[in-house]
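Here is the file query03.cif (mmCIF, C-alpha atoms and all ligand atoms).
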```
data_coords
#
loop_
_atom_site.label_atom_id
_atom_site.label_comp_id
_atom_site.auth_asym_id
_atom_site.auth_seq_id
_atom_site.Cartn_x
_atom_site.Cartn_y
_atom_site.Cartn_z
CA MET A 22 19.69 99.06 -82.40
CA ASP A 23 23.24 99.83 -83.52
CA ILE A 24 23.72 99.24 -87.26
CA ASN A 25 27.40 98.53 -86.71
CA LYS A 26 26.58 95.53 -84.51
CA PHE A 27 24.02 94.14 -86.98
CA VAL A 28 24.85 90.93 -88.83
CA PRO A 29 23.18 91.01 -92.27
CA LYS A 30 21.52 87.95 -93.79
CA PHE A 31 20.79 89.75 -97.08
CA ARG A 32 17.08 88.96 -96.77
CA LEU A 33 14.02 91.19 -96.35
CA SER A 34 10.83 90.47 -94.45
CA GLN A 35 8.83 92.08 -97.30
CA SER A 36 8.26 90.99 -100.91
CA ASN A 37 7.66 94.59 -102.09
CA LEU A 38 9.24 97.93 -101.24
CA LEU A 39 6.28 100.25 -100.92
CA ASN A 40 6.85 102.29 -97.81
CA LEU A 41 9.24 102.75 -94.91
CA SER A 42 6.42 102.15 -92.46
CA ASP A 43 6.27 98.53 -93.75
CA LEU A 44 9.98 97.95 -93.10
CA THR A 45 11.57 96.95 -89.80
CA ALA A 46 14.84 98.49 -88.63
CA GLU A 47 16.42 95.14 -89.58
CA ASP A 48 15.06 95.44 -93.15
CA ILE A 49 16.54 98.93 -93.41
CA PHE A 50 19.91 97.68 -92.15
CA GLU A 51 19.80 94.75 -94.64
CA LEU A 52 19.29 97.24 -97.48
CA LEU A 53 22.09 99.50 -96.26
CA TYR A 54 24.57 96.63 -95.88
CA ALA A 55 23.63 95.41 -99.37
CA ALA A 56 24.11 98.94 -100.75
CA ARG A 57 27.54 99.09 -99.11
CA GLU A 58 28.44 95.78 -100.77
CA MET A 59 27.17 97.06 -104.14
CA LYS A 60 29.23 100.23 -103.80
CA LYS A 61 32.39 98.31 -102.87
CA ARG A 62 32.04 96.14 -105.98
CA PHE A 63 31.20 99.15 -108.17
CA ARG A 64 34.37 100.92 -107.01
CA VAL A 65 36.58 98.01 -108.12
CA GLY A 66 34.65 97.45 -111.36
CA GLU A 67 33.21 94.13 -110.23
CA ASN A 68 29.63 93.40 -111.23
CA TYR A 69 27.27 91.16 -109.32
CA PRO A 70 24.90 89.42 -111.79
CA ALA A 71 21.83 89.32 -109.51
CA LEU A 72 19.50 90.18 -112.42
CA ARG A 73 20.99 87.96 -115.13
CA GLY A 74 18.13 86.91 -117.41
CA LYS A 75 15.67 89.24 -115.65
CA THR A 76 13.81 92.30 -116.93
CA VAL A 77 12.56 95.12 -114.72
CA ALA A 78 9.72 97.41 -115.83
CA LEU A 79 10.19 101.10 -115.03
CA LEU A 80 6.67 102.51 -115.23
CA PHE A 81 7.10 106.26 -114.79
CA GLY A 82 4.42 108.93 -114.61
CA ASN A 83 6.72 111.93 -114.47
CA VAL A 84 10.17 113.12 -115.40
CA SER A 85 13.25 111.97 -113.53
CA THR A 86 17.02 112.17 -113.70
CA ARG A 87 18.38 110.35 -110.64
CA THR A 88 15.72 107.66 -110.21
CA ARG A 89 15.60 106.77 -113.89
CA VAL A 90 19.34 106.78 -114.58
CA SER A 91 20.27 105.01 -111.34
CA PHE A 92 17.76 102.24 -112.08
CA GLU A 93 18.69 101.90 -115.75
CA MET A 94 22.43 101.81 -115.02
CA GLY A 95 21.98 99.69 -111.91
CA ILE A 96 19.95 97.05 -113.75
CA ARG A 97 22.59 96.87 -116.49
CA GLN A 98 25.36 96.55 -113.88
CA LEU A 99 23.43 93.66 -112.30
CA GLY A 100 23.35 91.89 -115.68
CA GLY A 101 19.65 92.49 -116.27
CA ASP A 102 17.49 94.34 -118.77
CA TYR A 103 14.77 96.94 -118.34
CA LEU A 104 11.70 98.27 -120.12
CA PHE A 105 11.23 102.00 -119.68
CA LEU A 106 7.48 102.59 -119.89
CA PRO A 107 6.30 106.21 -119.74
CA LYS A 108 2.83 105.96 -118.21
CA SER A 109 1.51 108.37 -120.87
CA GLU A 110 2.41 105.80 -123.55
CA THR A 111 0.55 102.93 -121.91
CA GLN A 112 -3.17 102.21 -121.79
CA LEU A 113 -3.14 103.41 -118.17
CA SER A 114 -3.29 106.92 -119.64
CA ARG A 115 -6.59 105.96 -121.32
CA GLY A 116 -8.14 104.51 -118.20
CA GLU A 117 -7.01 100.85 -118.18
CA SER A 118 -7.12 99.58 -114.62
CA ILE A 119 -4.15 99.16 -112.31
CA ARG A 120 -5.31 95.58 -111.67
CA ASP A 121 -5.25 94.55 -115.36
CA THR A 122 -1.88 96.24 -115.91
CA ALA A 123 -0.31 94.64 -112.83
CA VAL A 124 -1.53 91.12 -113.66
CA MET A 125 -0.49 91.37 -117.29
CA LEU A 126 3.06 92.66 -116.74
CA GLY A 127 3.82 89.53 -114.69
CA ARG A 128 2.48 87.34 -117.53
CA TYR A 129 5.08 88.78 -119.92
CA GLY A 130 8.02 87.65 -117.80
CA ILE A 131 8.76 90.95 -116.04
CA SER A 132 10.66 90.25 -112.79
CA ALA A 133 9.97 93.50 -110.87
CA ILE A 134 8.12 96.76 -111.40
CA VAL A 135 9.24 100.23 -110.33
CA LEU A 136 6.33 102.70 -110.16
CA ARG A 137 6.96 106.43 -110.20
CA ALA A 138 4.38 109.17 -109.68
CA PHE A 139 1.42 106.94 -108.90
CA THR A 140 -0.70 107.60 -105.80
CA GLU A 141 -0.07 105.66 -102.57
CA ALA A 142 -3.37 103.82 -103.11
CA GLN A 143 -2.38 102.89 -106.68
CA VAL A 144 1.03 101.61 -105.56
CA HIS A 145 -0.67 99.37 -102.99
CA GLU A 146 -3.27 98.20 -105.53
CA PHE A 147 -0.48 97.39 -108.00
CA ALA A 148 1.28 95.31 -105.36
CA GLN A 149 -1.96 93.53 -104.46
CA TYR A 150 -2.39 92.22 -108.03
CA SER A 151 1.25 91.87 -109.11
CA SER A 152 2.90 88.46 -109.11
CA VAL A 153 6.34 90.14 -108.96
CA PRO A 154 7.91 92.66 -106.53
CA VAL A 155 6.67 96.25 -106.75
CA ILE A 156 8.90 99.16 -105.76
CA ASN A 157 7.64 102.66 -104.96
CA GLY A 158 9.79 105.12 -106.95
CA ILE A 159 7.94 108.19 -105.54
CA THR A 160 4.38 109.21 -104.71
CA ASP A 161 3.01 112.59 -103.60
CA GLU A 162 3.23 111.31 -100.03
CA THR A 163 6.42 109.26 -99.85
CA HIS A 164 9.86 108.71 -101.41
CA PRO A 165 11.20 105.62 -99.62
CA LEU A 166 14.12 104.82 -101.96
CA GLN A 167 15.44 108.35 -101.58
CA VAL A 168 15.41 108.14 -97.82
CA LEU A 169 16.94 104.65 -97.68
CA SER A 170 19.74 105.93 -99.86
CA ASP A 171 20.07 109.01 -97.62
CA LEU A 172 20.38 106.81 -94.54
CA PHE A 173 23.13 104.90 -96.33
CA THR A 174 24.90 108.22 -97.03
CA VAL A 175 24.60 109.29 -93.38
CA TRP A 176 26.02 105.93 -92.24
CA GLU A 177 28.97 106.38 -94.62
CA LYS A 178 29.66 109.95 -93.54
CA LYS A 179 28.98 109.74 -89.80
CA GLY A 180 29.79 106.08 -89.12
CA ARG A 181 26.50 105.47 -87.32
CA LEU A 182 22.76 106.16 -87.49
CA ASP A 183 21.68 106.38 -83.88
CA ASP A 184 22.82 109.18 -81.58
CA LEU A 185 22.50 111.68 -84.47
CA LYS A 186 20.08 114.51 -85.17
CA LEU A 187 18.75 115.35 -88.63
CA ALA A 188 17.09 118.75 -89.11
CA TYR A 189 14.80 119.11 -92.12
CA ILE A 190 14.01 122.72 -93.05
CA GLY A 191 11.24 123.79 -95.44
CA ASP A 192 8.24 122.16 -97.08
CA GLY A 193 6.92 119.06 -95.30
CA ASN A 194 6.62 117.13 -98.56
CA ASN A 195 6.97 113.45 -99.55
CA VAL A 196 10.71 113.39 -98.79
CA ALA A 197 10.14 114.96 -95.37
CA SER A 198 7.45 112.39 -94.56
CA SER A 199 9.69 109.48 -95.53
CA LEU A 200 12.58 111.01 -93.58
CA VAL A 201 10.41 111.20 -90.45
CA MET A 202 9.59 107.51 -90.74
CA GLY A 203 13.09 106.39 -91.79
CA CYS A 204 14.97 108.33 -89.12
CA SER A 205 12.60 107.18 -86.40
CA LYS A 206 12.94 103.53 -87.39
CA VAL A 207 16.73 103.67 -87.07
CA ASN A 208 16.63 105.72 -83.85
CA MET A 209 17.93 108.97 -85.35
CA ASP A 210 16.44 112.13 -83.81
CA MET A 211 14.63 114.32 -86.28
CA ALA A 212 13.45 117.93 -86.18
CA ILE A 213 11.36 119.58 -88.88
CA ALA A 214 11.03 123.34 -89.20
CA SER A 215 8.19 124.40 -91.52
CA PRO A 216 5.79 127.31 -91.53
CA HIS A 217 2.27 126.71 -90.26
CA GLY A 218 0.36 124.61 -92.81
CA TYR A 219 3.44 123.05 -94.40
CA SER A 220 4.38 120.36 -91.84
CA PRO A 221 4.27 116.68 -92.84
CA SER A 222 0.93 114.98 -92.22
CA GLN A 223 0.02 114.57 -88.56
CA SER A 224 -0.74 110.85 -89.00
CA ILE A 225 2.75 110.11 -90.36
CA VAL A 226 4.38 112.10 -87.56
CA GLU A 227 2.29 110.33 -84.92
CA ARG A 228 3.19 106.90 -86.35
CA ALA A 229 6.88 107.84 -86.49
CA MET A 230 6.81 109.08 -82.89
CA GLN A 231 6.10 105.49 -81.80
CA PHE A 232 9.67 104.65 -82.87
CA GLY A 233 11.77 107.75 -82.22
CA ASN A 234 12.07 111.42 -81.29
CA VAL A 235 10.45 113.85 -83.74
CA LEU A 236 10.25 117.60 -83.13
CA ILE A 237 7.86 119.67 -85.26
CA THR A 238 8.42 123.41 -85.05
CA ASP A 239 8.18 126.59 -87.09
CA ASP A 240 11.49 127.80 -85.63
CA VAL A 241 14.53 127.10 -87.82
CA ALA A 242 17.04 127.79 -85.01
CA GLU A 243 15.28 125.34 -82.67
CA ALA A 244 15.31 122.60 -85.34
CA VAL A 245 18.92 123.10 -86.39
CA LYS A 246 20.41 123.40 -82.88
CA ASP A 247 22.92 120.54 -82.38
CA ALA A 248 22.01 118.98 -85.73
CA ASP A 249 24.49 116.62 -87.37
CA ILE A 250 22.68 116.79 -90.71
CA VAL A 251 20.75 119.71 -92.24
CA TYR A 252 18.43 118.67 -95.07
CA THR A 253 16.10 120.52 -97.40
CA ASP A 254 14.15 119.99 -100.62
CA VAL A 255 12.51 122.19 -103.25
CA PHE A 256 9.63 124.40 -102.12
CA ILE A 257 7.44 123.44 -105.09
CA SER A 258 7.17 119.68 -105.67
CA MET A 259 6.79 118.16 -109.13
CA SER A 260 3.11 117.43 -108.64
CA GLU A 261 2.38 121.06 -107.72
CA GLU A 262 1.74 124.14 -109.83
CA ASP A 263 4.21 126.99 -109.38
CA ASP A 264 2.95 128.94 -106.36
CA GLU A 265 4.48 132.36 -105.61
CA GLU A 266 2.56 132.63 -102.32
CA LYS A 267 4.00 129.32 -101.09
CA LYS A 268 7.52 130.40 -102.11
CA ARG A 269 7.11 133.71 -100.22
CA THR A 270 5.88 131.85 -97.12
CA LEU A 271 8.80 129.44 -97.24
CA ALA A 272 11.47 132.04 -98.10
CA ARG A 273 12.63 132.41 -94.49
CA TYR A 274 13.20 128.62 -94.40
CA ARG A 275 16.07 128.81 -96.91
CA VAL A 276 19.21 127.01 -95.75
CA THR A 277 21.88 129.73 -95.70
CA PRO A 278 25.41 129.81 -94.22
CA GLU A 279 23.82 131.47 -91.15
CA VAL A 280 21.48 128.49 -90.71
CA MET A 281 24.36 126.02 -91.12
CA ALA A 282 26.31 127.94 -88.46
CA LEU A 283 23.57 127.06 -85.93
CA ALA A 284 24.13 123.32 -86.43
CA LYS A 285 27.09 121.32 -85.11
CA GLN A 286 30.45 122.43 -86.48
CA ASP A 287 30.88 119.17 -88.40
CA ALA A 288 27.29 119.12 -89.70
CA VAL A 289 26.72 118.05 -93.30
CA PHE A 290 24.21 119.48 -95.76
CA MET A 291 21.91 117.15 -97.74
CA HIS A 292 19.38 117.74 -100.54
CA CYS A 293 17.69 115.00 -102.57
CA MET A 294 17.90 117.17 -105.75
CA PRO A 295 16.97 118.67 -108.14
CA ALA A 296 17.83 121.89 -106.25
CA ARG A 297 17.00 125.53 -106.88
CA ARG A 298 19.89 127.65 -105.69
CA GLY A 299 18.62 130.87 -104.11
CA GLU A 300 15.21 129.38 -103.22
CA GLU A 301 15.39 126.60 -100.63
CA VAL A 302 19.20 126.71 -100.34
CA SER A 303 21.96 129.28 -100.92
CA ALA A 304 24.59 128.45 -103.52
CA GLU A 305 27.28 128.93 -100.81
CA VAL A 306 25.76 126.03 -98.86
CA ILE A 307 24.97 123.51 -101.59
CA ASP A 308 28.27 124.19 -103.36
CA GLY A 309 30.23 124.62 -100.11
CA PRO A 310 32.46 122.30 -98.05
CA GLN A 311 29.67 120.90 -95.85
CA SER A 312 27.57 119.74 -98.80
CA ILE A 313 27.47 116.01 -99.56
CA VAL A 314 24.75 116.20 -102.22
CA TYR A 315 26.68 114.51 -105.03
CA ASP A 316 27.64 111.54 -102.84
CA GLN A 317 24.00 111.44 -101.79
CA ALA A 318 22.86 111.37 -105.43
CA GLU A 319 25.42 108.69 -106.35
CA ASN A 320 24.18 106.46 -103.56
CA ARG A 321 20.78 106.21 -105.26
CA LEU A 322 22.55 103.82 -107.67
CA HIS A 323 23.92 101.53 -104.96
CA LEU A 324 20.73 101.50 -102.90
CA ASN A 325 18.49 100.77 -105.90
CA LYS A 326 20.75 97.87 -106.87
CA ALA A 327 20.58 96.59 -103.30
CA ALA A 328 16.78 96.76 -103.32
CA LEU A 329 16.55 94.85 -106.61
CA ALA A 330 19.08 92.23 -105.54
CA LEU A 331 17.19 91.55 -102.29
CA LEU A 332 13.70 91.58 -103.81
CA VAL A 333 14.14 89.76 -107.14
CA ARG A 334 14.76 86.06 -106.56
N1 LIG B 401 15.65 112.81 -106.05
C1 LIG B 401 14.98 112.32 -107.13
O1 LIG B 401 14.06 111.52 -107.03
O2 LIG B 401 15.48 112.77 -108.32
P1 LIG B 401 14.77 112.61 -109.73
O3 LIG B 401 13.47 113.37 -109.66
O4 LIG B 401 15.74 113.24 -110.71
O5 LIG B 401 14.55 111.16 -110.00
#
```
When written as structure tokens, how does the structure in this file appear?
Ligand code: CP
Amino acid sequence: MDINKFVPKFRLSQSNLLNLSDLTAEDIFELLYAAREMKKRFRVGENYPALRGKTVALLFGNVSTRTRVSFEMGIRQLGGDYLFLPKSETQLSRGESIRDTAVMLGRYGISAIVLRAFTEAQVHEFAQYSSVPVINGITDETHPLQVLSDLFTVWEKKGRLDDLKLAYIGDGNNVASSLVMGCSKVNMDMAIASPHGYSPSQSIVERAMQFGNVLITDDVAEAVKDADIVYTDVFISMSEEDDEEKKRTLARYRVTPEVMALAKQDAVFMHCMPARRGEEVSAEVIDGPQSIVYDQAENRLHLNKAALALLVR
């Protein structure tokens, strides 16, 4: 389906945003059109009061720059309020159940809950017992908001989503898994180059292959050939201990100018950030003319606002 021929209704088929596998291509397009609308209004200083009188709980289990600030600023720009709740300062850290927490937050008049650094199972359990929309702000396995925002950035930069190839190089982590699912749903070809043992989970890849073309390889040149987008992420994720062996194994998967030269001439470089220059990407690439990482980071704001505006009614 061509996103440019889609007519948005600004409605989702889901009442939560837990995973890209739950969303249809139409849902993804709805979110991207809404993000485009949010960005247009932001650019001219016009605010859309979708959250007037509403409060969103941001229940975070780890540190964050982009997710936290884009939600806090986005909620303010939508005329709402937020409660930032570090998980370590709630009774969850002392063993209170997800069920009791989820039920109770709704009773206090919270209108939506963003969960960060819970497990996939906990996010689903939260949604099961919550009377208000639950949004997955990252798990060890998935990062759906990041990838929705990345698809919005690709649409802006390339003017389309289908008939493109995205090459992901490096650790097959949560972002890679969500990219596989997101790209497949919108008919974008995807190739992942990772060393043996670091590919995204087989079950996610198999599910994604029902929707689109996914190539899994250990050969960087094969993945990057004819790519329109080259994407990478840190070698050591937040939930992992520093691991010198893993960094040594992944070292030849660094995105360098030589790797970028194997992609299409007009290829762009993406990274969800935070980045470690000299590890997964050379400074010449991330700070060079093909890099769109700051636009990509900004779009987290517009996409998060779109998600809240479509989910909170
Ligand atoms: N990309 C991302 O989720 O950034 P933060 O960890 O800073 O939120």
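With all atoms listed in the file as the atoms that count, the residue of A:Asp249, A:Asp102, A:Glu300, A:Asp263 with the shortest distance to Met281 of chain A is A:Asp249.
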Near ligand LIG 401 (chain B), 7 Å: chain A residue rows, closest pairs, only C-alpha atoms and all ligand atoms, as JSON lines:
```
{"residue": "A:Val84", "atom": "CA", "partner": "B:LIG401", "partner_atom": "O3", "distance": 6.6}
{"residue": "A:Ser85", "atom": "CA", "partner": "B:LIG401", "partner_atom": "O5", "distance": 3.8}
{"residue": "A:Thr86", "atom": "CA", "partner": "B:LIG401", "partner_atom": "O4", "distance": 3.4}
{"residue": "A:Arg87", "atom": "CA", "partner": "B:LIG401", "partner_atom": "O4", "distance": 3.9}
{"residue": "A:Thr88", "atom": "CA", "partner": "B:LIG401", "partner_atom": "O5", "distance": 3.7}
{"residue": "A:Arg89", "atom": "CA", "partner": "B:LIG401", "partner_atom": "O5", "distance": 6.0}
{"residue": "A:Gln167", "atom": "CA", "partner": "B:LIG401", "partner_atom": "N1", "distance": 6.3}
{"residue": "A:Cys293", "atom": "CA", "partner": "B:LIG401", "partner_atom": "N1", "distance": 4.6}
{"residue": "A:Met294", "atom": "CA", "partner": "B:LIG401", "partner_atom": "N1", "distance": 4.9}
{"residue": "A:Pro295", "atom": "CA", "partner": "B:LIG401", "partner_atom": "O2", "distance": 6.1}
```
Each residue of segment 262-303 of chain A lying at most 7 Å from segment 313-318 of chain A should get a row with its shortest atom-to-atom pair and the distance in Å to one decimal, counting only C-alpha atoms; could you produce that, ordered by chain and increasing number, as a tab-separated table?
```
residue	atom	partner	partner_atom	distance
A:Val289	CA	A:Ile313	CA	6.6
A:Phe290	CA	A:Ile313	CA	6.1
A:Met291	CA	A:Val314	CA	5.4
A:His292	CA	A:Val314	CA	5.8
A:Cys293	CA	A:Ala318	CA	6.9
```
Minimum-distance residue to Ala214 of chain A, chosen among A:Asp239, A:Asp183, A:Glu110, A:Glu117 (using all atoms listed in the file): A:Asp239
Using all atoms listed in the file, which of the listed residues (A:Ala284, A:Ile119, A:Val251, A:Leu72) sits closest to Gly95 of chain A?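 Checking each of A:Ala284, A:Ile119, A:Val251, A:Leu72 against Gly95 of chain A, counting all atoms listed in the file, the winner is A:Leu72.
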Which one of A:Trp176, A:Val306, A:Ser42, A:Gln35 sits closest to Met230 of chain A if you count only C-alpha atoms?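 Comparing A:Trp176, A:Val306, A:Ser42, A:Gln35 against Met230 of chain A, the winner is A:Ser42.
If you measure from each of A:Pro70, A:Pro107, A:Gly100, A:Gly82 to Thr160 of chain A using all atoms listed in the file, the closest one turns out to be A:Gly82.
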Could you pull the residues within 10 Å of Met22 of chain A, counting all atoms listed in the file, minus those fewer than 3 positions along the same chain, as a PDB file with C-alpha atoms, keeping the file's coordinate frame?
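Resulting contents of around_15.pdb:
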```
ATOM      1  CA  ASN A  25      27.400  98.530 -86.710  1.00  0.00           C
ATOM      2  CA  LYS A  26      26.580  95.530 -84.510  1.00  0.00           C
ATOM      3  CA  PHE A  27      24.020  94.140 -86.980  1.00  0.00           C
ATOM      4  CA  ALA A  46      14.840  98.490 -88.630  1.00  0.00           C
ATOM      5  CA  GLU A  47      16.420  95.140 -89.580  1.00  0.00           C
ATOM      6  CA  PHE A  50      19.910  97.680 -92.150  1.00  0.00           C
ATOM      7  CA  LEU A 182      22.760 106.160 -87.490  1.00  0.00           C
ATOM      8  CA  ASP A 183      21.680 106.380 -83.880  1.00  0.00           C
ATOM      9  CA  LYS A 206      12.940 103.530 -87.390  1.00  0.00           C
ATOM     10  CA  VAL A 207      16.730 103.670 -87.070  1.00  0.00           C
ATOM     11  CA  ASN A 208      16.630 105.720 -83.850  1.00  0.00           C
TER      12      ASN A 208
END
```
When distances are computed from all atoms listed in the file, which of A:Tyr150, A:Phe63, A:Tyr189, A:Phe92 shows the smallest separation from Lys326 of chain A?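 Comparing A:Tyr150, A:Phe63, A:Tyr189, A:Phe92 against Lys326 of chain A, the winner is A:Phe92.
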Quick one: distance from atom CA of Lys75 of chain A to atom CA of His164 of chain A in Å, one decimal?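 Atom CA of His164 of chain A lies at a distance of 24.8 Å from atom CA of Lys75 of chain A.
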Please determine an axis-aligned box that encloses all atoms of segment 132-148 of chain A listed in the file, with 5 Å added on each side, and express its centre and edge lengths in Å to one decimal as lines of an AutoDock Vina configuration file.
```
center_x = 3.6
center_y = 99.7
center_z = -107.7
size_x = 24.0
size_y = 28.9
size_z = 20.2
```
By how many Å are atom CA of Met211 of chain A and atom CA of Tyr252 of chain A apart?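 We find that atom CA of Met211 of chain A and atom CA of Tyr252 of chain A lie 10.5 Å from each other.
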Which neighbours of Leu39 of chain A fall inside 9 Å, counting only C-alpha atoms, when residues of the same chain fewer than 4 positions from it are skipped, and could you give them as a compact mmCIF listing (two decimals) with C-alpha atoms, keeping the file's coordinate frame?
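Below is the file around_31.txt, written as the result:
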```txt
# COMPACT_ATOMS: atom_id res chain seq x y z
CA ASP A 43 6.27 98.53 -93.75
CA LEU A 44 9.98 97.95 -93.10
CA GLU A 141 -0.07 105.66 -102.57
CA VAL A 144 1.03 101.61 -105.56
CA HIS A 145 -0.67 99.37 -102.99
CA ALA A 148 1.28 95.31 -105.36
CA VAL A 155 6.67 96.25 -106.75
CA ILE A 156 8.90 99.16 -105.76
CA ASN A 157 7.64 102.66 -104.96
CA GLY A 158 9.79 105.12 -106.95
CA PRO A 165 11.20 105.62 -99.62
```
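Reported to one decimal place, the separation of atom CA of Val276 of chain A from atom CA of Ala197 of chain A is 15.1 Å.
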All residues 10 Å or closer to Leu324 of chain A, all atoms listed in the file, same chain fewer than 2 positions away omitted, as a ChimeraX atom specification: /A:52-60,91-92,95,166-174,319-322,326-330
If we count all atoms listed in the file, what is near Arg273 of chain A at a cut-off of 9 Å, once residues fewer than 6 positions away on the same chain are taken out, given as a list in words?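 Residues near the query, excluding close chain neighbours: Gly191, Val241 and Glu301 of chain A.
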Distance query Pro221 of chain A at most 12 Å, only C-alpha atoms, self and fewer than 2 positions along chain excluded, as an mmCIF file with C-alpha atoms, in the frame of the given file:
```cif
data_model
loop_
_atom_site.group_PDB
_atom_site.id
_atom_site.type_symbol
_atom_site.label_atom_id
_atom_site.label_comp_id
_atom_site.auth_asym_id
_atom_site.auth_seq_id
_atom_site.Cartn_x
_atom_site.Cartn_y
_atom_site.Cartn_z
ATOM 1 C CA ASP A 161 3.010 112.590 -103.600
ATOM 2 C CA GLU A 162 3.230 111.310 -100.030
ATOM 3 C CA THR A 163 6.420 109.260 -99.850
ATOM 4 C CA TYR A 189 14.800 119.110 -92.120
ATOM 5 C CA ILE A 190 14.010 122.720 -93.050
ATOM 6 C CA GLY A 191 11.240 123.790 -95.440
ATOM 7 C CA ASP A 192 8.240 122.160 -97.080
ATOM 8 C CA GLY A 193 6.920 119.060 -95.300
ATOM 9 C CA ASN A 194 6.620 117.130 -98.560
ATOM 10 C CA ASN A 195 6.970 113.450 -99.550
ATOM 11 C CA VAL A 196 10.710 113.390 -98.790
ATOM 12 C CA ALA A 197 10.140 114.960 -95.370
ATOM 13 C CA SER A 198 7.450 112.390 -94.560
ATOM 14 C CA SER A 199 9.690 109.480 -95.530
ATOM 15 C CA LEU A 200 12.580 111.010 -93.580
ATOM 16 C CA VAL A 201 10.410 111.200 -90.450
ATOM 17 C CA MET A 202 9.590 107.510 -90.740
ATOM 18 C CA ALA A 212 13.450 117.930 -86.180
ATOM 19 C CA ILE A 213 11.360 119.580 -88.880
ATOM 20 C CA ALA A 214 11.030 123.340 -89.200
ATOM 21 C CA SER A 215 8.190 124.400 -91.520
ATOM 22 C CA PRO A 216 5.790 127.310 -91.530
ATOM 23 C CA HIS A 217 2.270 126.710 -90.260
ATOM 24 C CA GLY A 218 0.360 124.610 -92.810
ATOM 25 C CA TYR A 219 3.440 123.050 -94.400
ATOM 26 C CA GLN A 223 0.020 114.570 -88.560
ATOM 27 C CA SER A 224 -0.740 110.850 -89.000
ATOM 28 C CA ILE A 225 2.750 110.110 -90.360
ATOM 29 C CA VAL A 226 4.380 112.100 -87.560
ATOM 30 C CA GLU A 227 2.290 110.330 -84.920
ATOM 31 C CA ARG A 228 3.190 106.900 -86.350
ATOM 32 C CA ALA A 229 6.880 107.840 -86.490
ATOM 33 C CA VAL A 235 10.450 113.850 -83.740
ATOM 34 C CA LEU A 236 10.250 117.600 -83.130
ATOM 35 C CA ILE A 237 7.860 119.670 -85.260
ATOM 36 C CA THR A 238 8.420 123.410 -85.050
#
```
